[in-house]
$ cat coords_3.cif   # mmCIF, C-alpha atoms
data_final
loop_
_atom_site.group_PDB
_atom_site.id
_atom_site.type_symbol
_atom_site.label_atom_id
_atom_site.label_comp_id
_atom_site.auth_asym_id
_atom_site.auth_seq_id
_atom_site.Cartn_x
_atom_site.Cartn_y
_atom_site.Cartn_z
ATOM 1 C CA MET A 1 33.874 15.093 44.275
ATOM 2 C CA ALA A 2 32.154 16.898 41.420
ATOM 3 C CA ASN A 3 33.780 14.582 38.893
ATOM 4 C CA ASN A 4 32.693 11.534 40.866
ATOM 5 C CA LYS A 5 29.086 12.754 40.903
ATOM 6 C CA LYS A 6 29.193 13.384 37.164
ATOM 7 C CA ASN A 7 30.601 9.924 36.532
ATOM 8 C CA LYS A 8 27.918 8.358 38.723
ATOM 9 C CA ASN A 9 25.210 10.302 36.860
ATOM 10 C CA LYS A 10 26.622 9.130 33.538
ATOM 11 C CA ILE A 11 26.650 5.531 34.757
ATOM 12 C CA VAL A 12 23.037 5.846 35.937
ATOM 13 C CA LEU A 13 21.989 7.371 32.596
ATOM 14 C CA MET A 14 23.791 4.652 30.654
ATOM 15 C CA ALA A 15 22.165 1.953 32.787
ATOM 16 C CA GLY A 16 18.749 3.544 32.287
ATOM 17 C CA GLU A 17 19.363 3.806 28.548
ATOM 18 C CA LYS A 18 20.302 0.127 28.359
ATOM 19 C CA GLU A 19 17.142 -0.835 30.246
ATOM 20 C CA PHE A 20 15.076 1.237 27.836
ATOM 21 C CA HIS A 21 16.776 -0.444 24.873
ATOM 22 C CA TYR A 22 16.098 -3.894 26.308
ATOM 23 C CA ILE A 23 12.443 -3.061 26.948
ATOM 24 C CA ALA A 24 12.079 -1.595 23.463
ATOM 25 C CA LEU A 25 13.736 -4.669 21.981
ATOM 26 C CA VAL A 26 11.332 -6.992 23.801
ATOM 27 C CA ILE A 27 8.344 -4.927 22.646
ATOM 28 C CA MET A 28 9.559 -4.950 19.045
ATOM 29 C CA ILE A 29 10.119 -8.725 19.156
ATOM 30 C CA LEU A 30 6.579 -9.234 20.460
ATOM 31 C CA MET A 31 5.180 -6.984 17.725
ATOM 32 C CA MET A 32 7.181 -8.922 15.132
ATOM 33 C CA VAL A 33 5.795 -12.218 16.462
ATOM 34 C CA PHE A 34 2.246 -10.843 16.378
ATOM 35 C CA CYS A 35 2.784 -9.866 12.735
ATOM 36 C CA ILE A 36 4.393 -13.153 11.669
ATOM 37 C CA ILE A 37 1.928 -15.523 13.384
ATOM 38 C CA PRO A 38 -1.042 -14.562 11.137
ATOM 39 C CA LEU A 39 1.134 -15.016 8.039
ATOM 40 C CA ILE A 40 2.198 -18.484 9.189
ATOM 41 C CA LEU A 41 -1.397 -19.424 9.984
ATOM 42 C CA MET A 42 -2.518 -18.101 6.594
ATOM 43 C CA ALA A 43 0.091 -20.226 4.831
ATOM 44 C CA THR A 44 -0.755 -23.415 6.756
ATOM 45 C CA VAL A 45 -4.487 -22.957 6.214
ATOM 46 C CA SER A 46 -3.905 -22.571 2.471
ATOM 47 C CA LEU A 47 -2.105 -25.938 2.560
ATOM 48 C CA SER A 48 -4.833 -27.670 4.576
ATOM 49 C CA SER A 49 -7.612 -29.878 3.328
ATOM 50 C CA GLU A 50 -11.185 -28.648 3.520
ATOM 51 C CA GLU A 51 -12.106 -31.541 5.823
ATOM 52 C CA SER A 52 -9.522 -30.573 8.417
ATOM 53 C CA LEU A 53 -10.590 -26.917 8.299
ATOM 54 C CA VAL A 54 -14.105 -27.850 9.360
ATOM 55 C CA ARG A 55 -12.681 -28.460 12.842
ATOM 56 C CA GLY A 56 -10.984 -25.069 12.866
ATOM 57 C CA TYR A 57 -7.745 -23.396 11.847
ATOM 58 C CA ARG A 58 -4.506 -25.006 13.061
ATOM 59 C CA PHE A 59 -0.834 -24.241 12.643
ATOM 60 C CA ILE A 60 -0.225 -27.941 11.946
ATOM 61 C CA PRO A 61 -3.217 -29.251 9.972
ATOM 62 C CA ASP A 62 -4.520 -32.769 10.355
ATOM 63 C CA LYS A 63 -4.258 -33.291 6.607
ATOM 64 C CA TRP A 64 -2.074 -31.381 4.170
ATOM 65 C CA SER A 65 -3.462 -30.580 0.747
ATOM 66 C CA LEU A 66 -2.561 -28.575 -2.371
ATOM 67 C CA ASP A 67 -6.149 -28.449 -3.619
ATOM 68 C CA ALA A 68 -6.382 -24.677 -3.253
ATOM 69 C CA TYR A 69 -3.229 -24.060 -5.274
ATOM 70 C CA MET A 70 -4.194 -26.671 -7.874
ATOM 71 C CA PHE A 71 -7.515 -24.900 -8.211
ATOM 72 C CA MET A 72 -5.697 -21.591 -8.742
ATOM 73 C CA TRP A 73 -3.236 -23.208 -11.165
ATOM 74 C CA ALA A 74 -6.108 -24.447 -13.309
ATOM 75 C CA LYS A 75 -7.002 -20.804 -13.880
ATOM 76 C CA ARG A 76 -3.391 -19.675 -14.378
ATOM 77 C CA ALA A 77 -3.930 -18.033 -17.788
ATOM 78 C CA THR A 78 -6.544 -15.679 -16.421
ATOM 79 C CA ILE A 79 -4.568 -15.088 -13.228
ATOM 80 C CA PHE A 80 -1.378 -14.250 -15.151
ATOM 81 C CA ARG A 81 -3.280 -11.754 -17.293
ATOM 82 C CA ALA A 82 -4.759 -10.183 -14.183
ATOM 83 C CA TYR A 83 -1.295 -10.058 -12.606
ATOM 84 C CA GLY A 84 0.132 -8.297 -15.657
ATOM 85 C CA LEU A 85 -2.675 -5.758 -15.649
ATOM 86 C CA THR A 86 -2.194 -5.147 -11.932
ATOM 87 C CA ILE A 87 1.549 -4.578 -12.374
ATOM 88 C CA LEU A 88 0.882 -2.188 -15.274
ATOM 89 C CA VAL A 89 -1.666 -0.178 -13.286
ATOM 90 C CA THR A 90 0.569 -0.113 -10.206
ATOM 91 C CA VAL A 91 3.654 1.089 -12.093
ATOM 92 C CA ILE A 92 1.875 3.763 -14.128
ATOM 93 C CA GLY A 93 -0.242 4.950 -11.205
ATOM 94 C CA THR A 94 2.725 5.141 -8.828
ATOM 95 C CA ILE A 95 4.818 7.156 -11.280
ATOM 96 C CA ILE A 96 2.004 9.619 -11.956
ATOM 97 C CA SER A 97 1.243 9.872 -8.242
ATOM 98 C CA LEU A 98 4.878 10.638 -7.377
ATOM 99 C CA VAL A 99 5.125 13.324 -10.047
ATOM 100 C CA MET A 100 1.855 15.024 -9.108
ATOM 101 C CA THR A 101 2.488 14.803 -5.351
ATOM 102 C CA SER A 102 6.017 16.226 -5.524
ATOM 103 C CA MET A 103 5.010 18.967 -7.969
ATOM 104 C CA PHE A 104 2.192 20.042 -5.666
ATOM 105 C CA ALA A 105 4.405 19.882 -2.582
ATOM 106 C CA TYR A 106 7.233 21.930 -4.131
ATOM 107 C CA PRO A 107 5.403 25.296 -4.376
ATOM 108 C CA LEU A 108 3.861 24.728 -0.939
ATOM 109 C CA SER A 109 7.390 24.515 0.475
ATOM 110 C CA ARG A 110 8.538 27.724 -1.199
ATOM 111 C CA LYS A 111 8.504 30.769 1.086
ATOM 112 C CA ASP A 112 8.251 33.146 -1.878
ATOM 113 C CA PHE A 113 5.071 31.489 -3.169
ATOM 114 C CA LYS A 114 2.498 33.895 -1.720
ATOM 115 C CA PRO A 115 -0.746 31.929 -2.345
ATOM 116 C CA ARG A 116 0.696 28.767 -0.746
ATOM 117 C CA ASN A 117 -1.540 29.118 2.342
ATOM 118 C CA VAL A 118 -4.619 29.200 0.097
ATOM 119 C CA PHE A 119 -3.569 26.040 -1.713
ATOM 120 C CA ALA A 120 -2.638 24.389 1.588
ATOM 121 C CA PHE A 121 -6.135 25.147 2.909
ATOM 122 C CA ILE A 122 -7.737 23.697 -0.216
ATOM 123 C CA LEU A 123 -5.597 20.591 0.146
ATOM 124 C CA PHE A 124 -6.475 20.182 3.820
ATOM 125 C CA PHE A 125 -10.177 20.784 3.097
ATOM 126 C CA THR A 126 -10.261 17.910 0.596
ATOM 127 C CA MET A 127 -8.782 15.626 3.254
ATOM 128 C CA LEU A 128 -11.801 16.273 5.502
ATOM 129 C CA PHE A 129 -14.701 16.513 3.043
ATOM 130 C CA ASN A 130 -15.665 14.875 -0.246
ATOM 131 C CA GLY A 131 -18.720 14.504 -2.436
ATOM 132 C CA GLY A 132 -19.463 10.918 -1.453
ATOM 133 C CA MET A 133 -19.535 7.707 -3.455
ATOM 134 C CA THR A 134 -22.718 8.430 -5.416
ATOM 135 C CA ALA A 135 -21.599 11.840 -6.620
ATOM 136 C CA SER A 136 -18.116 10.527 -7.431
ATOM 137 C CA TYR A 137 -19.538 7.632 -9.431
ATOM 138 C CA MET A 138 -21.761 9.944 -11.479
ATOM 139 C CA VAL A 139 -18.900 12.353 -12.183
ATOM 140 C CA TRP A 140 -16.406 9.679 -13.233
ATOM 141 C CA THR A 141 -18.824 7.648 -15.364
ATOM 142 C CA ARG A 142 -20.969 10.369 -16.977
ATOM 143 C CA LEU A 143 -18.502 13.234 -17.282
ATOM 144 C CA PHE A 144 -15.154 11.458 -17.700
ATOM 145 C CA HIS A 145 -16.463 8.123 -19.089
ATOM 146 C CA ILE A 146 -13.913 5.938 -17.328
ATOM 147 C CA LYS A 147 -16.207 2.926 -16.991
ATOM 148 C CA ASP A 148 -14.608 -0.267 -18.364
ATOM 149 C CA THR A 149 -11.265 1.461 -18.991
ATOM 150 C CA LEU A 150 -7.898 1.356 -17.223
ATOM 151 C CA TRP A 151 -8.496 4.920 -16.068
ATOM 152 C CA ALA A 152 -11.019 3.494 -13.605
ATOM 153 C CA TYR A 153 -8.086 2.063 -11.635
ATOM 154 C CA LEU A 154 -5.849 5.120 -11.991
ATOM 155 C CA VAL A 155 -7.977 8.209 -11.511
ATOM 156 C CA PRO A 156 -10.692 7.976 -8.820
ATOM 157 C CA GLY A 157 -9.156 9.008 -5.523
ATOM 158 C CA ALA A 158 -5.747 7.489 -6.219
ATOM 159 C CA LEU A 159 -3.556 9.860 -8.243
ATOM 160 C CA MET A 160 -2.749 12.172 -5.355
ATOM 161 C CA ASN A 161 -3.295 11.964 -1.601
ATOM 162 C CA GLY A 162 -3.349 15.069 0.590
ATOM 163 C CA MET A 163 -1.407 13.459 3.432
ATOM 164 C CA ASN A 164 1.332 12.399 1.037
ATOM 165 C CA VAL A 165 1.617 15.973 -0.226
ATOM 166 C CA LEU A 166 2.065 17.221 3.330
ATOM 167 C CA LEU A 167 4.727 14.599 4.015
ATOM 168 C CA VAL A 168 6.700 15.623 0.935
ATOM 169 C CA ARG A 169 6.326 19.309 1.751
ATOM 170 C CA ASN A 170 7.575 18.717 5.297
ATOM 171 C CA TYR A 171 10.545 16.812 3.934
ATOM 172 C CA PHE A 172 11.404 19.652 1.554
ATOM 173 C CA ASN A 173 11.230 22.181 4.398
ATOM 174 C CA ALA A 174 13.179 20.121 6.925
ATOM 175 C CA ASN A 175 15.945 18.590 4.823
ATOM 176 C CA ILE A 176 16.642 20.816 1.827
ATOM 177 C CA PRO A 177 18.108 24.196 2.937
ATOM 178 C CA TYR A 178 16.429 27.162 1.315
ATOM 179 C CA SER A 179 19.874 28.629 0.683
ATOM 180 C CA ILE A 180 20.401 25.940 -1.994
ATOM 181 C CA ILE A 181 17.311 27.142 -3.823
ATOM 182 C CA GLU A 182 18.404 30.771 -3.511
ATOM 183 C CA ALA A 183 21.868 29.911 -4.837
ATOM 184 C CA ALA A 184 20.317 28.091 -7.788
ATOM 185 C CA ARG A 185 18.105 31.102 -8.543
ATOM 186 C CA MET A 186 21.142 33.377 -8.483
ATOM 187 C CA ASP A 187 22.809 31.069 -11.009
ATOM 188 C CA GLY A 188 19.826 31.492 -13.314
ATOM 189 C CA ALA A 189 17.985 28.225 -12.606
ATOM 190 C CA LYS A 190 14.247 28.254 -13.244
ATOM 191 C CA ASP A 191 11.635 26.575 -11.073
ATOM 192 C CA TRP A 192 11.491 23.456 -13.254
ATOM 193 C CA THR A 193 15.270 23.076 -13.076
ATOM 194 C CA ILE A 194 15.251 23.533 -9.297
ATOM 195 C CA TYR A 195 12.466 20.981 -8.922
ATOM 196 C CA SER A 196 13.928 18.337 -11.229
ATOM 197 C CA LYS A 197 17.649 18.813 -10.539
ATOM 198 C CA ILE A 198 17.643 19.672 -6.818
ATOM 199 C CA MET A 199 14.411 18.840 -4.999
ATOM 200 C CA VAL A 200 13.650 15.413 -6.467
ATOM 201 C CA PRO A 201 17.217 13.971 -6.339
ATOM 202 C CA LEU A 202 17.596 15.080 -2.700
ATOM 203 C CA SER A 203 14.254 13.541 -1.708
ATOM 204 C CA LYS A 204 14.898 9.850 -2.294
ATOM 205 C CA PRO A 205 13.754 8.676 1.192
ATOM 206 C CA ILE A 206 10.398 10.454 1.151
ATOM 207 C CA MET A 207 9.808 9.635 -2.518
ATOM 208 C CA THR A 208 10.412 5.965 -1.718
ATOM 209 C CA THR A 209 7.939 6.162 1.158
ATOM 210 C CA ILE A 210 5.250 7.873 -0.890
ATOM 211 C CA GLY A 211 5.925 5.510 -3.777
ATOM 212 C CA LEU A 212 5.337 2.499 -1.522
ATOM 213 C CA PHE A 213 2.108 3.987 -0.172
ATOM 214 C CA SER A 214 0.847 4.660 -3.694
ATOM 215 C CA ALA A 215 1.949 1.267 -5.013
ATOM 216 C CA LEU A 216 0.186 -0.553 -2.173
ATOM 217 C CA GLY A 217 -2.924 1.524 -2.806
ATOM 218 C CA TYR A 218 -2.990 0.581 -6.491
ATOM 219 C CA TRP A 219 -2.044 -3.046 -5.864
ATOM 220 C CA ASN A 220 -4.790 -3.575 -3.272
ATOM 221 C CA ASN A 221 -7.425 -1.520 -5.076
ATOM 222 C CA TRP A 222 -10.359 -3.816 -5.744
ATOM 223 C CA THR A 223 -13.215 -1.392 -5.025
ATOM 224 C CA ALA A 224 -12.602 0.584 -8.243
ATOM 225 C CA GLY A 225 -12.933 -2.632 -10.227
ATOM 226 C CA ILE A 226 -16.156 -3.548 -8.465
ATOM 227 C CA TYR A 227 -17.666 -0.097 -9.133
ATOM 228 C CA TYR A 228 -16.422 0.694 -12.621
ATOM 229 C CA ILE A 229 -15.341 -2.546 -14.380
ATOM 230 C CA ASN A 230 -17.712 -5.050 -15.977
ATOM 231 C CA ASN A 231 -15.345 -6.465 -18.602
ATOM 232 C CA PRO A 232 -13.623 -9.609 -17.202
ATOM 233 C CA LYS A 233 -10.578 -8.948 -19.395
ATOM 234 C CA LEU A 234 -9.920 -5.775 -17.396
ATOM 235 C CA TYR A 235 -9.946 -7.459 -13.993
ATOM 236 C CA THR A 236 -6.836 -6.881 -11.907
ATOM 237 C CA ILE A 237 -5.649 -9.650 -9.611
ATOM 238 C CA GLN A 238 -7.542 -8.259 -6.627
ATOM 239 C CA VAL A 239 -10.787 -7.839 -8.555
ATOM 240 C CA TYR A 240 -10.470 -11.247 -10.204
ATOM 241 C CA LEU A 241 -9.810 -13.033 -6.942
ATOM 242 C CA LYS A 242 -12.718 -11.223 -5.285
ATOM 243 C CA LYS A 243 -15.035 -12.326 -8.100
ATOM 244 C CA LEU A 244 -13.607 -15.827 -7.943
ATOM 245 C CA MET A 245 -14.223 -16.162 -4.234
ATOM 246 C CA ASP A 246 -17.758 -14.799 -4.609
ATOM 247 C CA SER A 247 -18.435 -17.459 -7.253
ATOM 248 C CA ILE A 248 -17.048 -20.242 -5.075
ATOM 249 C CA GLN A 249 -19.079 -19.102 -2.108
ATOM 250 C CA PHE A 250 -22.207 -18.907 -4.281
ATOM 251 C CA LEU A 251 -21.749 -22.517 -5.442
ATOM 252 C CA LYS A 252 -21.090 -23.720 -1.909
ATOM 253 C CA THR A 253 -24.157 -22.066 -0.397
ATOM 254 C CA THR A 254 -26.719 -22.434 -3.200
ATOM 255 C CA ASP A 255 -29.185 -25.321 -2.997
ATOM 256 C CA LEU A 256 -28.851 -27.024 -6.408
ATOM 257 C CA SER A 257 -30.343 -30.366 -7.402
ATOM 258 C CA ASN A 258 -27.952 -31.290 -10.227
ATOM 259 C CA GLU A 259 -25.774 -34.190 -9.070
ATOM 260 C CA ALA A 260 -22.682 -33.070 -11.038
ATOM 261 C CA VAL A 261 -22.924 -29.602 -9.602
ATOM 262 C CA LEU A 262 -23.312 -31.006 -6.113
ATOM 263 C CA LEU A 263 -20.192 -33.099 -6.603
ATOM 264 C CA ALA A 264 -18.286 -30.060 -7.832
ATOM 265 C CA GLN A 265 -19.467 -28.154 -4.782
ATOM 266 C CA ARG A 266 -17.910 -30.697 -2.438
ATOM 267 C CA ASN A 267 -14.561 -30.575 -4.243
ATOM 268 C CA LEU A 268 -14.288 -26.807 -4.416
ATOM 269 C CA PRO A 269 -11.843 -25.377 -1.868
ATOM 270 C CA THR A 270 -13.226 -22.405 0.025
ATOM 271 C CA GLU A 271 -11.391 -21.661 3.255
ATOM 272 C CA SER A 272 -8.030 -22.832 1.918
ATOM 273 C CA ALA A 273 -8.641 -21.008 -1.365
ATOM 274 C CA ARG A 274 -9.212 -17.752 0.485
ATOM 275 C CA MET A 275 -5.839 -18.062 2.164
ATOM 276 C CA ALA A 276 -4.183 -19.115 -1.097
ATOM 277 C CA VAL A 277 -5.643 -16.009 -2.693
ATOM 278 C CA ALA A 278 -4.185 -13.864 0.080
ATOM 279 C CA ILE A 279 -0.770 -15.522 -0.300
ATOM 280 C CA ILE A 280 -0.744 -14.942 -4.063
ATOM 281 C CA ALA A 281 -1.647 -11.257 -3.656
ATOM 282 C CA LEU A 282 0.884 -10.769 -0.859
ATOM 283 C CA ILE A 283 3.974 -12.297 -2.497
ATOM 284 C CA PRO A 284 4.997 -9.237 -4.611
ATOM 285 C CA VAL A 285 4.795 -6.943 -1.581
ATOM 286 C CA LEU A 286 6.943 -9.293 0.505
ATOM 287 C CA VAL A 287 9.502 -9.489 -2.310
ATOM 288 C CA VAL A 288 9.790 -5.722 -2.864
ATOM 289 C CA TYR A 289 9.625 -4.465 0.717
ATOM 290 C CA PRO A 290 13.080 -5.634 1.958
ATOM 291 C CA PHE A 291 14.808 -3.699 -0.837
ATOM 292 C CA ILE A 292 13.210 -0.373 0.105
ATOM 293 C CA GLN A 293 12.925 -0.808 3.870
ATOM 294 C CA LYS A 294 15.886 1.460 4.703
ATOM 295 C CA GLU A 295 14.665 4.389 2.604
ATOM 296 C CA LEU A 296 11.089 3.825 3.759
ATOM 297 C CA ILE A 297 11.973 4.120 7.456
ATOM 298 C CA LYS A 298 14.130 7.179 6.842
ATOM 299 C CA GLY A 299 11.405 8.890 4.844
ATOM 300 C CA MET A 300 8.743 8.150 7.455
ATOM 301 C CA VAL A 301 10.864 9.523 10.308
ATOM 302 C CA VAL A 302 12.186 12.615 8.611
ATOM 303 C CA GLY A 303 9.081 13.447 6.591
ATOM 304 C CA GLY A 304 6.944 13.862 9.684
ATOM 305 C CA VAL A 305 9.343 15.998 11.744
ATOM 306 C CA LYS A 306 8.012 19.430 10.874
ATOM 307 C CA GLY A 307 4.475 20.605 10.270
#
$ encode --input "coords_3.cif" --output "structure tokens"
Amino acid sequence: MANNKKNKNKIVLMAGEKEFHYIALVIMILMMVFCIIPLILMATVSLSSEESLVRGYRFIPDKWSLDAYMFMWAKRATIFRAYGLTILVTVIGTIISLVMTSMFAYPLSRKDFKPRNVFAFILFFTMLFNGGMTASYMVWTRLFHIKDTLWAYLVPGALMNGMNVLLVRNYFNANIPYSIIEAARMDGAKDWTIYSKIMVPLSKPIMTTIGLFSALGYWNNWTAGIYYINNPKLYTIQVYLKKLMDSIQFLKTTDLSNEAVLLAQRNLPTESARMAVAIIALIPVLVVYPFIQKELIKGMVVGGVKG
């Protein structure tokens, strides 16, 4: 009798688990659809003519057109330079961010580091309070002189994020046994050796996660260019496209009497160009993400287990 009851309970639990899996699967499919639909709409709008967009956005436009992409192709030299600068900033900034974040998180994870609570408080305090945009602008431009330099993209508020430090620290605490560190110390390993030979190699999932966060932050960073960059040759792809769209919108909305300018206004793509701009900026992220998805998910799950 007891065995029968246990078997029935197991069957009930298995049935309930299957129902949960089915419900979760349906929810995830719906979320996937909600994420894909805007991308499809964005792509179709970028391939639509301006005349058809006057009547609204449609998944199947009344008239297909490559005007937006032809307009972007006409400026390919400038766009390629901006792309190269964006890739350079993203790679350098991500590497520096990973090094600084992991080096800050390592002592915070060490039980024998007595002032770690003080540094943790300072880190948490900076996550809640800052000097504001005006004070930051004055400090970076007058004290560090980063205006119209690549440092404007790398330094202000981007090199290290407090939440990322906490994620890495939690990963160190939850997944790297302290006994390994103690054994390394007994073998004569110094802190730098422990950090570089043990902590970093065993932290691939969380480092991938933090690296993606940092890379996306640098790739999508257009505000730093707006605040600190006046030289067009230093525009990243995001800053250049923002300036480009502002110029197009200015021509489309300004009341000018010159006939040639008026004709150019009518031929300039606006709505479709905006979507083409978004597609161009999104392609590298879509290409890279599938290759790091596994490590990203693992790092997100495990890095947030312990506080």
$ residues_around --input "coords_3.cif" --residues "Asp62 in chain A" --least-positions-apart "4" --cutoff "9 Å" --atoms "all atoms listed in the file" --output "short mmCIF file (atom, residue, chain, number, x, y, z; two decimals) with C-alpha atoms, keeping the file's coordinate frame"
data_model
loop_
_atom_site.label_atom_id
_atom_site.label_comp_id
_atom_site.auth_asym_id
_atom_site.auth_seq_id
_atom_site.Cartn_x
_atom_site.Cartn_y
_atom_site.Cartn_z
CA SER A 48 -4.83 -27.67 4.58
CA SER A 49 -7.61 -29.88 3.33
CA GLU A 51 -12.11 -31.54 5.82
CA SER A 52 -9.52 -30.57 8.42
CA LEU A 53 -10.59 -26.92 8.30
CA ARG A 58 -4.51 -25.01 13.06
#
$ atom_distance --input "coords_3.cif" --atom1 "CA of Ser272 in chain A" --atom2 "CA of Ser46 in chain A"
4.2 Å
$ resolve_selection --input "coords_3.cif" --expression "the PyMOL selection byres ((chain A and resi 149) around 9)" --output "list in words"
His145, Ile146, Lys147, Asp148, Leu150, Trp151, Ala152, Tyr153, Tyr228, Ile229, Asn231 and Leu234 of chain A
$ closest_residue --input "coords_3.cif" --among "A:Phe104, A:Tyr227, A:Phe291, A:Tyr22" --to "Met133 in chain A" --atoms "only C-alpha atoms"
A:Tyr227
$ closest_residue --input "coords_3.cif" --among "A:Thr44, A:Ser109, A:Asn164, A:Thr270" --to "Met207 in chain A" --atoms "only C-alpha atoms"
A:Asn164
$ build_atoms --input "coords_3.cif" --residues "range 275-292 of chain A" --atoms "N, CA and C atoms" --output "PDB file, keeping the file's coordinate frame"
ATOM      1  N   MET A 275      -7.193 -18.310   1.685  1.00  0.00           N
ATOM      2  CA  MET A 275      -5.839 -18.062   2.164  1.00  0.00           C
ATOM      3  C   MET A 275      -4.828 -18.137   1.018  1.00  0.00           C
ATOM      4  N   ALA A 276      -5.060 -19.045   0.071  1.00  0.00           N
ATOM      5  CA  ALA A 276      -4.183 -19.115  -1.097  1.00  0.00           C
ATOM      6  C   ALA A 276      -4.258 -17.827  -1.909  1.00  0.00           C
ATOM      7  N   VAL A 277      -5.460 -17.288  -2.012  1.00  0.00           N
ATOM      8  CA  VAL A 277      -5.643 -16.009  -2.693  1.00  0.00           C
ATOM      9  C   VAL A 277      -4.844 -14.912  -1.995  1.00  0.00           C
ATOM     10  N   ALA A 278      -4.914 -14.876  -0.679  1.00  0.00           N
ATOM     11  CA  ALA A 278      -4.185 -13.864   0.080  1.00  0.00           C
ATOM     12  C   ALA A 278      -2.674 -14.023  -0.090  1.00  0.00           C
ATOM     13  N   ILE A 279      -2.197 -15.264  -0.110  1.00  0.00           N
ATOM     14  CA  ILE A 279      -0.770 -15.522  -0.300  1.00  0.00           C
ATOM     15  C   ILE A 279      -0.318 -15.027  -1.672  1.00  0.00           C
ATOM     16  N   ILE A 280      -1.094 -15.350  -2.700  1.00  0.00           N
ATOM     17  CA  ILE A 280      -0.744 -14.942  -4.063  1.00  0.00           C
ATOM     18  C   ILE A 280      -0.680 -13.422  -4.185  1.00  0.00           C
ATOM     19  N   ALA A 281      -1.630 -12.724  -3.577  1.00  0.00           N
ATOM     20  CA  ALA A 281      -1.647 -11.257  -3.656  1.00  0.00           C
ATOM     21  C   ALA A 281      -0.564 -10.617  -2.807  1.00  0.00           C
ATOM     22  N   LEU A 282      -0.081 -11.339  -1.796  1.00  0.00           N
ATOM     23  CA  LEU A 282       0.884 -10.769  -0.859  1.00  0.00           C
ATOM     24  C   LEU A 282       2.332 -10.959  -1.294  1.00  0.00           C
ATOM     25  N   ILE A 283       2.595 -11.958  -2.128  1.00  0.00           N
ATOM     26  CA  ILE A 283       3.974 -12.297  -2.497  1.00  0.00           C
ATOM     27  C   ILE A 283       4.746 -11.110  -3.083  1.00  0.00           C
ATOM     28  N   PRO A 284       4.213 -10.352  -4.061  1.00  0.00           N
ATOM     29  CA  PRO A 284       4.997  -9.237  -4.611  1.00  0.00           C
ATOM     30  C   PRO A 284       5.383  -8.200  -3.567  1.00  0.00           C
ATOM     31  N   VAL A 285       4.491  -7.928  -2.624  1.00  0.00           N
ATOM     32  CA  VAL A 285       4.795  -6.943  -1.581  1.00  0.00           C
ATOM     33  C   VAL A 285       5.929  -7.443  -0.697  1.00  0.00           C
ATOM     34  N   LEU A 286       5.890  -8.719  -0.329  1.00  0.00           N
ATOM     35  CA  LEU A 286       6.943  -9.293   0.505  1.00  0.00           C
ATOM     36  C   LEU A 286       8.289  -9.307  -0.221  1.00  0.00           C
ATOM     37  N   VAL A 287       8.262  -9.463  -1.538  1.00  0.00           N
ATOM     38  CA  VAL A 287       9.502  -9.489  -2.310  1.00  0.00           C
ATOM     39  C   VAL A 287      10.117  -8.095  -2.424  1.00  0.00           C
ATOM     40  N   VAL A 288       9.289  -7.079  -2.629  1.00  0.00           N
ATOM     41  CA  VAL A 288       9.790  -5.722  -2.864  1.00  0.00           C
ATOM     42  C   VAL A 288      10.182  -5.020  -1.569  1.00  0.00           C
ATOM     43  N   TYR A 289       9.439  -5.246  -0.510  1.00  0.00           N
ATOM     44  CA  TYR A 289       9.625  -4.465   0.717  1.00  0.00           C
ATOM     45  C   TYR A 289      11.042  -4.505   1.277  1.00  0.00           C
ATOM     46  N   PRO A 290      11.733  -5.648   1.373  1.00  0.00           N
ATOM     47  CA  PRO A 290      13.080  -5.634   1.958  1.00  0.00           C
ATOM     48  C   PRO A 290      14.069  -4.731   1.234  1.00  0.00           C
ATOM     49  N   PHE A 291      13.872  -4.512  -0.073  1.00  0.00           N
ATOM     50  CA  PHE A 291      14.808  -3.699  -0.837  1.00  0.00           C
ATOM     51  C   PHE A 291      14.623  -2.203  -0.596  1.00  0.00           C
ATOM     52  N   ILE A 292      13.460  -1.806  -0.102  1.00  0.00           N
ATOM     53  CA  ILE A 292      13.210  -0.373   0.105  1.00  0.00           C
ATOM     54  C   ILE A 292      12.987  -0.049   1.585  1.00  0.00           C
TER      55      ILE A 292
END
